[in-house]
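Below: the structure, in structure tokens.
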Amino acid sequence: MNLYKVNFKILKFLPLAMEKPQSKNPLHGITLQKIVEQLVDYYGFDTLGELIKINCFTDNPSVKSSLTFLRKTEWARKKVQELYIKTLPKF
């Protein structure tokens with residue numbers, strides 16, 4: 001018996017069998033920019049500023065300035081992500 005004989009028919013399916021199951025995280029594969037843009041489109045900056053009390057949504061708001069702040073501030077980013085998850089069924 002040859003231990004080194006390889007069955008190539010089986011090997012071509014091996015990568016599929018080894019893949020991890022898809023993540024159940026609703027944020028998986030979604031960029032922070034996409035999250036902010038969708039929330040701004042849905043709520044607008046005025047409502048976002050009322051829902052999440054952070055200056056990047058109330059004082060001269062823009063997507064760019066919000067992203068800069070949220071990337072540096074974990075607690076604020078978490079609040080935005082939580083609102084996004086709650087809002088997902090409404091999109």
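Convention: chains lettered A, B, ... in structure tokens order; per-chain residue numbering from 1; ligands numbered from 1 as shown.
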
Tell me which protein, DNA and RNA residues are within 9 Å of Ile35 in chain A, counting only C-alpha atoms, leaving out same-chain ones fewer than 4 positions away, and put them as a PDB file with C-alpha atoms, in the first residue's frame.
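Wrote it out as around-v2.pdb, contents follow:
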```
ATOM      1  CA  LEU A  27     -21.239  44.037  11.259  1.00  0.00           C
ATOM      2  CA  ILE A  30     -19.334  46.338   6.718  1.00  0.00           C
ATOM      3  CA  THR A  31     -17.016  49.319   6.950  1.00  0.00           C
ATOM      4  CA  LEU A  39     -27.296  56.038   9.440  1.00  0.00           C
ATOM      5  CA  VAL A  40     -26.975  59.589   8.084  1.00  0.00           C
ATOM      6  CA  VAL A  80     -22.843  53.971  16.562  1.00  0.00           C
ATOM      7  CA  GLN A  81     -22.472  50.251  15.845  1.00  0.00           C
ATOM      8  CA  TYR A  84     -26.771  50.484  13.353  1.00  0.00           C
TER       9      TYR A  84
END
```

Requested in this report: Compile the contact shell of Pro26 in chain A as a list in words: residues with an atom at most 8 Å away, counting only C-alpha atoms, same-chain residues fewer than 2 positions apart removed.
Outcome: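 Within the cut-off, the hits are Lys24, His28 and Ile85 of chain A.
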
Report task. Give the answer as one residue: which of A:Lys90, A:Trp75, A:Gly29, A:Asp41 has the shortest atom-to-atom distance to Val63 in chain A, using only C-alpha atoms? Result ->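 Using only C-alpha atoms, the shortest distance to Val63 in chain A belongs to A:Asp41.
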
Shell around Phe45 in chain A at 8 Å using only C-alpha atoms, local window under 4 positions removed, as a PDB file with N, CA and C atoms, in the first residue's frame:
```
ATOM      1  N   VAL A  40     -26.713  58.192   8.465  1.00  0.00           N
ATOM      2  CA  VAL A  40     -26.975  59.589   8.084  1.00  0.00           C
ATOM      3  C   VAL A  40     -28.092  59.641   7.047  1.00  0.00           C
ATOM      4  N   GLY A  49     -27.584  63.148  16.195  1.00  0.00           N
ATOM      5  CA  GLY A  49     -27.069  63.912  17.325  1.00  0.00           C
ATOM      6  C   GLY A  49     -27.950  63.805  18.559  1.00  0.00           C
ATOM      7  N   PHE A  57     -21.709  64.648  15.533  1.00  0.00           N
ATOM      8  CA  PHE A  57     -23.017  64.628  14.887  1.00  0.00           C
ATOM      9  C   PHE A  57     -23.791  65.934  15.089  1.00  0.00           C
ATOM     10  N   THR A  58     -23.304  66.802  15.966  1.00  0.00           N
ATOM     11  CA  THR A  58     -24.060  68.026  16.263  1.00  0.00           C
ATOM     12  C   THR A  58     -23.350  69.309  15.846  1.00  0.00           C
ATOM     13  N   PRO A  61     -21.434  68.880  11.419  1.00  0.00           N
ATOM     14  CA  PRO A  61     -21.244  67.456  11.127  1.00  0.00           C
ATOM     15  C   PRO A  61     -20.935  67.165   9.664  1.00  0.00           C
TER      16      PRO A  61
END
```
